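Asks: Okay, handing you the structure first.
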Amino acid sequence: MRKYNKFLWIMVGVLVVVMIVQFILTTNKKPPYQQLSYQAEYIFDYATPVTINDSVKLYYANPSDLQKAIDEFNKLTPQEKFKSYQQMFQNLSNSTKLSFVPVSYDSTATIVNANTLQFNEHSVVDGIITVNGSDYIVSMGKVGMKLDNGSIVTFRFPNGSKIISVSPTPTTVENSVLTWEGPMNLSFPEVIYTK
């Protein structure tokens with residue numbers, strides 16, 4: 001299987017909650033929304049869990065579809081959302097032969113206007129970083145996705161940390177912050193950093 005088709009890249013593209021809502025609302029038909037923007041921020045430290053904040057804005061041509069999506073989202077308990085999030089990481093772990101373990105997960109949905117819905121996620125995940133001596137290695141294996149216009153992925157490292165290597169090359173580098181901006185095909189970045 002080609003790497004861009006083997007699995008949706010966790011945190012990028014369609015969020016867990018959006019996938020649940022899409023599954024509920026659409027069976028074998030085109031989703032009733034268009035993605036307007038996506039932002040994912042990974043916050044790294046000198047420890048193995050990684051904090052992830054991401055958001056996606058979706059445009060619904062029909063406001064009733066937006067209302068159905070928010071209603072279905074609100075029916076889900078925090079436990080159901082976390083269980084789906086855990087299952088997604090379990091599937092990714094099985095696919096990549098790596099071990100990713102969600103520690104915590106929270107999500108919210110906000111109606112921006114009559115046609116726009118925004119989903120936000122905050123999570124902590126273990127297994128994205130491995131430690132080798134004084135080096136911290138960021139990797140999620142060979143998974144990737146297509147970043148559309150309006151899509152931004154940001155990696156934030158501790159102030160004063162030293163980036164030893166990074167692949168693929170970021171769109172911008174500012175101090176300890178690396179950013180990849182769409183449109184592009186992006187493999188999950190692999191970074192080595194140290195104190």
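Naming works like this for the structure tokens: A, B, ... for the chains as they're shown, residue 1 at the start of each chain, ligands 1 onward in shown order.
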Which neighbours of Pro170 (chain A) fall inside 7 Å, counting only C-alpha atoms, when residues of the same chain fewer than 5 positions from it are skipped, and could you give them as a ChimeraX atom specification?

Replies: /A:178-180

Asks: Just the residues within 12 Å of Gln90 (chain A), please, counting only C-alpha atoms, with nothing from its chain fewer than 2 positions along; format it as a PyMOL selection string.

Replies: chain A and resi 7+10+83-88+92-102+125+127

Asks: Could you take the residues named above and write them with N, CA and C atoms, as a PDB file, in the first residue's frame?

Replies:
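Wrote result_20.pdb, looks like this:
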```pdb
ATOM      1  N   PHE A   7      -3.018   5.132   5.717  1.00  0.00           N
ATOM      2  CA  PHE A   7      -3.725   5.542   6.924  1.00  0.00           C
ATOM      3  C   PHE A   7      -3.771   7.063   6.993  1.00  0.00           C
ATOM      4  N   ILE A  10      -2.535  10.901  11.780  1.00  0.00           N
ATOM      5  CA  ILE A  10      -3.151  11.339  13.018  1.00  0.00           C
ATOM      6  C   ILE A  10      -2.946  12.844  13.195  1.00  0.00           C
ATOM      7  N   LYS A  83     -12.053   7.040  23.575  1.00  0.00           N
ATOM      8  CA  LYS A  83     -11.945   5.659  23.089  1.00  0.00           C
ATOM      9  C   LYS A  83     -11.673   5.638  21.585  1.00  0.00           C
ATOM     10  N   SER A  84     -12.339   6.487  20.822  1.00  0.00           N
ATOM     11  CA  SER A  84     -12.098   6.570  19.374  1.00  0.00           C
ATOM     12  C   SER A  84     -10.684   7.049  19.088  1.00  0.00           C
ATOM     13  N   TYR A  85     -10.231   8.001  19.875  1.00  0.00           N
ATOM     14  CA  TYR A  85      -8.872   8.528  19.730  1.00  0.00           C
ATOM     15  C   TYR A  85      -7.843   7.433  20.011  1.00  0.00           C
ATOM     16  N   GLN A  86      -8.062   6.671  21.073  1.00  0.00           N
ATOM     17  CA  GLN A  86      -7.182   5.556  21.401  1.00  0.00           C
ATOM     18  C   GLN A  86      -7.168   4.512  20.292  1.00  0.00           C
ATOM     19  N   GLN A  87      -8.345   4.226  19.728  1.00  0.00           N
ATOM     20  CA  GLN A  87      -8.435   3.233  18.664  1.00  0.00           C
ATOM     21  C   GLN A  87      -7.675   3.677  17.421  1.00  0.00           C
ATOM     22  N   MET A  88      -7.742   4.980  17.118  1.00  0.00           N
ATOM     23  CA  MET A  88      -7.023   5.482  15.965  1.00  0.00           C
ATOM     24  C   MET A  88      -5.516   5.305  16.153  1.00  0.00           C
ATOM     25  N   LEU A  92      -2.777   3.014  14.111  1.00  0.00           N
ATOM     26  CA  LEU A  92      -1.518   3.553  13.606  1.00  0.00           C
ATOM     27  C   LEU A  92      -0.343   2.751  14.151  1.00  0.00           C
ATOM     28  N   SER A  93      -0.404   2.379  15.426  1.00  0.00           N
ATOM     29  CA  SER A  93       0.660   1.563  16.023  1.00  0.00           C
ATOM     30  C   SER A  93       0.794   0.239  15.282  1.00  0.00           C
ATOM     31  N   ASN A  94      -0.339  -0.396  14.987  1.00  0.00           N
ATOM     32  CA  ASN A  94      -0.318  -1.668  14.265  1.00  0.00           C
ATOM     33  C   ASN A  94       0.269  -1.492  12.865  1.00  0.00           C
ATOM     34  N   SER A  95      -0.068  -0.384  12.226  1.00  0.00           N
ATOM     35  CA  SER A  95       0.380  -0.130  10.856  1.00  0.00           C
ATOM     36  C   SER A  95       1.873   0.167  10.778  1.00  0.00           C
ATOM     37  N   THR A  96       2.386   0.905  11.763  1.00  0.00           N
ATOM     38  CA  THR A  96       3.780   1.351  11.711  1.00  0.00           C
ATOM     39  C   THR A  96       4.722   0.476  12.534  1.00  0.00           C
ATOM     40  N   LYS A  97       4.143  -0.439  13.338  1.00  0.00           N
ATOM     41  CA  LYS A  97       4.939  -1.278  14.256  1.00  0.00           C
ATOM     42  C   LYS A  97       5.619  -0.438  15.332  1.00  0.00           C
ATOM     43  N   LEU A  98       5.091   0.757  15.589  1.00  0.00           N
ATOM     44  CA  LEU A  98       5.555   1.614  16.674  1.00  0.00           C
ATOM     45  C   LEU A  98       4.459   1.646  17.741  1.00  0.00           C
ATOM     46  N   SER A  99       4.769   2.173  18.906  1.00  0.00           N
ATOM     47  CA  SER A  99       3.788   2.180  19.987  1.00  0.00           C
ATOM     48  C   SER A  99       3.433   3.611  20.381  1.00  0.00           C
ATOM     49  N   PHE A 100       2.191   4.009  20.060  1.00  0.00           N
ATOM     50  CA  PHE A 100       1.690   5.334  20.416  1.00  0.00           C
ATOM     51  C   PHE A 100       0.574   5.171  21.437  1.00  0.00           C
ATOM     52  N   VAL A 101       0.671   5.920  22.543  1.00  0.00           N
ATOM     53  CA  VAL A 101      -0.301   5.771  23.619  1.00  0.00           C
ATOM     54  C   VAL A 101      -0.868   7.136  24.003  1.00  0.00           C
ATOM     55  N   PRO A 102      -2.150   7.399  23.700  1.00  0.00           N
ATOM     56  CA  PRO A 102      -2.775   8.635  24.155  1.00  0.00           C
ATOM     57  C   PRO A 102      -2.881   8.639  25.682  1.00  0.00           C
ATOM     58  N   VAL A 125       0.197  12.676  23.995  1.00  0.00           N
ATOM     59  CA  VAL A 125       0.441  11.350  23.417  1.00  0.00           C
ATOM     60  C   VAL A 125       1.873  10.924  23.700  1.00  0.00           C
ATOM     61  N   GLY A 127       5.037   8.162  22.909  1.00  0.00           N
ATOM     62  CA  GLY A 127       5.530   7.284  21.856  1.00  0.00           C
ATOM     63  C   GLY A 127       6.006   7.997  20.611  1.00  0.00           C
TER      64      GLY A 127
END
```

Asks: Show me, as JSON, numbers by chain, the residues that have an atom within 12 Å of Asp71 (chain A) when counting only C-alpha atoms, minus same-chain residues fewer than 3 positions from it.

Replies: {"A": [21, 24, 25, 64, 65, 66, 67, 68, 74, 75, 76, 109, 110, 111, 117]}

Asks: Excluding Pro168 (chain A) and its own-chain neighbours fewer than 5 positions away, which residues fall within 10 Å of it when counting only C-alpha atoms? Please give them as a VMD selection string.

Replies: chain A and resid 180 186 to 191

Asks: Contacts of Val153 (chain A) at 12 Å or less, counting only C-alpha atoms, minus same-chain residues fewer than 5 places along, as a PyMOL selection string?

Replies: chain A and resi 9-13+37-43+52-56+145-148+170-172+177-184+186-189

Asks: Save the residues we just selected, N, CA and C atoms, as a short mmCIF file (atom, residue, chain, number, x, y, z; two decimals), in the first residue's frame?

Replies:
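Listed below is the output, selection32.cif:
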```cif
data_model
loop_
_atom_site.label_atom_id
_atom_site.label_comp_id
_atom_site.auth_asym_id
_atom_site.auth_seq_id
_atom_site.Cartn_x
_atom_site.Cartn_y
_atom_site.Cartn_z
N TRP A 9 -3.17 10.44 8.44
CA TRP A 9 -2.17 10.88 9.40
C TRP A 9 -2.89 11.45 10.61
N ILE A 10 -2.53 10.90 11.78
CA ILE A 10 -3.15 11.34 13.02
C ILE A 10 -2.95 12.84 13.20
N MET A 11 -3.97 13.53 13.59
CA MET A 11 -3.98 14.97 13.88
C MET A 11 -4.00 15.86 12.66
N VAL A 12 -3.82 15.31 11.52
CA VAL A 12 -3.77 16.17 10.36
C VAL A 12 -4.82 15.71 9.37
N GLY A 13 -5.53 16.63 8.79
CA GLY A 13 -6.56 16.30 7.83
C GLY A 13 -7.90 16.34 8.49
N SER A 37 -9.68 25.29 6.74
CA SER A 37 -8.33 25.44 7.28
C SER A 37 -8.04 24.33 8.28
N TYR A 38 -6.77 24.07 8.47
CA TYR A 38 -6.33 23.09 9.47
C TYR A 38 -5.04 23.59 10.10
N GLN A 39 -4.95 23.53 11.42
CA GLN A 39 -3.73 23.90 12.12
C GLN A 39 -3.44 22.84 13.16
N ALA A 40 -2.21 22.37 13.19
CA ALA A 40 -1.77 21.40 14.19
C ALA A 40 -0.49 21.92 14.82
N GLU A 41 -0.43 21.89 16.14
CA GLU A 41 0.74 22.33 16.88
C GLU A 41 1.19 21.20 17.79
N TYR A 42 2.45 20.79 17.62
CA TYR A 42 3.06 19.76 18.46
C TYR A 42 4.06 20.46 19.38
N ILE A 43 3.90 20.26 20.68
CA ILE A 43 4.77 20.91 21.65
C ILE A 43 5.65 19.86 22.30
N ILE A 52 -0.37 18.01 21.92
CA ILE A 52 -0.83 18.31 20.56
C ILE A 52 -2.10 19.16 20.64
N ASN A 53 -2.08 20.31 19.97
CA ASN A 53 -3.26 21.16 19.83
C ASN A 53 -3.55 21.28 18.35
N ASP A 54 -4.79 21.00 17.97
CA ASP A 54 -5.12 21.19 16.56
C ASP A 54 -6.55 21.64 16.41
N SER A 55 -6.82 22.24 15.24
CA SER A 55 -8.18 22.71 14.95
C SER A 55 -8.43 22.63 13.45
N VAL A 56 -9.69 22.45 13.13
CA VAL A 56 -10.09 22.42 11.73
C VAL A 56 -11.38 23.21 11.60
N MET A 145 0.53 12.67 4.45
CA MET A 145 -0.75 13.18 3.98
C MET A 145 -0.53 14.37 3.07
N LYS A 146 -1.61 14.79 2.47
CA LYS A 146 -1.59 15.96 1.61
C LYS A 146 -2.08 17.15 2.42
N LEU A 147 -1.23 18.16 2.55
CA LEU A 147 -1.64 19.41 3.20
C LEU A 147 -2.24 20.32 2.14
N ASP A 148 -3.47 20.75 2.35
CA ASP A 148 -4.14 21.66 1.43
C ASP A 148 -3.78 23.10 1.76
N PRO A 170 11.41 22.23 6.63
CA PRO A 170 10.24 23.07 6.97
C PRO A 170 10.08 24.24 6.01
N THR A 171 8.87 24.77 5.95
CA THR A 171 8.61 25.97 5.17
C THR A 171 9.30 27.16 5.83
N THR A 172 9.21 27.24 7.17
CA THR A 172 9.87 28.30 7.92
C THR A 172 10.51 27.73 9.18
N VAL A 177 11.06 26.89 16.52
CA VAL A 177 9.75 26.59 15.94
C VAL A 177 9.92 26.26 14.45
N LEU A 178 9.44 25.08 14.08
CA LEU A 178 9.47 24.64 12.68
C LEU A 178 8.03 24.61 12.16
N THR A 179 7.83 25.08 10.94
CA THR A 179 6.48 25.13 10.37
C THR A 179 6.48 24.59 8.94
N TRP A 180 5.45 23.78 8.65
CA TRP A 180 5.20 23.29 7.30
C TRP A 180 3.84 23.82 6.88
N GLU A 181 3.78 24.48 5.73
CA GLU A 181 2.52 25.07 5.25
C GLU A 181 2.13 24.45 3.93
N GLY A 182 0.82 24.16 3.80
CA GLY A 182 0.32 23.64 2.55
C GLY A 182 0.21 24.72 1.49
N PRO A 183 0.04 24.33 0.24
CA PRO A 183 -0.17 22.95 -0.21
C PRO A 183 1.15 22.19 -0.37
N MET A 184 1.14 20.93 0.10
CA MET A 184 2.27 20.03 -0.09
C MET A 184 1.89 18.63 0.35
N LEU A 186 3.16 15.86 2.66
CA LEU A 186 4.04 15.90 3.82
C LEU A 186 4.11 14.55 4.50
N SER A 187 5.32 14.00 4.60
CA SER A 187 5.55 12.85 5.46
C SER A 187 5.68 13.40 6.87
N PHE A 188 5.24 12.63 7.88
CA PHE A 188 5.35 13.13 9.24
C PHE A 188 6.82 13.47 9.50
N PRO A 189 7.11 14.71 9.92
CA PRO A 189 8.50 15.13 10.06
C PRO A 189 9.28 14.30 11.08
#
```

Asks: Between CA of Asn120 (chain A) and CA of Thr48 (chain A), what is the spacing in Å?

Replies: 23.0 Å

Asks: Do you know which residues are at most 10 Å from Val103 (chain A) counting only C-alpha atoms, after dropping those on the same chain fewer than 3 positions away, and could you put them as a CSV table (one decimal) with N, CA and C atoms, in the first residue's frame?

Replies:
```
chain,number,residue,atom,x,y,z
A,49,PRO,N,6.2,12.3,26.5
A,49,PRO,CA,4.9,12.7,26.0
A,49,PRO,C,4.9,14.0,25.3
A,50,VAL,N,4.1,14.1,24.2
A,50,VAL,CA,4.0,15.3,23.4
A,50,VAL,C,2.6,15.9,23.5
A,51,THR,N,2.5,17.2,23.7
A,51,THR,CA,1.2,17.9,23.7
A,51,THR,C,0.9,18.3,22.3
A,82,PHE,N,-12.5,9.8,23.6
A,82,PHE,CA,-11.2,9.3,24.0
A,82,PHE,C,-11.0,7.9,23.5
A,86,GLN,N,-8.1,6.7,21.1
A,86,GLN,CA,-7.2,5.6,21.4
A,86,GLN,C,-7.2,4.5,20.3
A,100,PHE,N,2.2,4.0,20.1
A,100,PHE,CA,1.7,5.3,20.4
A,100,PHE,C,0.6,5.2,21.4
A,123,SER,N,-4.5,17.2,23.2
A,123,SER,CA,-4.2,15.8,23.7
A,123,SER,C,-2.7,15.8,24.1
A,124,VAL,N,-2.5,14.7,24.8
A,124,VAL,CA,-1.1,14.4,25.2
A,124,VAL,C,-0.9,12.9,24.8
A,125,VAL,N,0.2,12.7,24.0
A,125,VAL,CA,0.4,11.4,23.4
A,125,VAL,C,1.9,10.9,23.7
A,126,ASP,N,2.0,9.7,24.1
A,126,ASP,CA,3.4,9.1,24.4
A,126,ASP,C,3.7,8.2,23.2
```

Asks: Counting only C-alpha atoms, which of A:Ala61, A:Val166, A:Leu36, A:Ala69 gets nearest to Asn115 (chain A)?

Replies: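 With only C-alpha atoms as the atom set, the closest residue is A:Ala61.
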
Asks: DSSP on the backbone: what in chain A comes out alpha helix (DSSP H), as a PyMOL selection string?

Replies: chain A and resi 3-6+16-25+63-75+78-96

Asks: For each of A:Val173, A:Tyr59, A:Asp45, A:Val138, take the minimum atom-to-atom distance to Asn159 (chain A), counting only C-alpha atoms, then give the residue where this is smallest.

Replies: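 Ranked by minimum distance to Asn159 (chain A), first place goes to A:Asp45.
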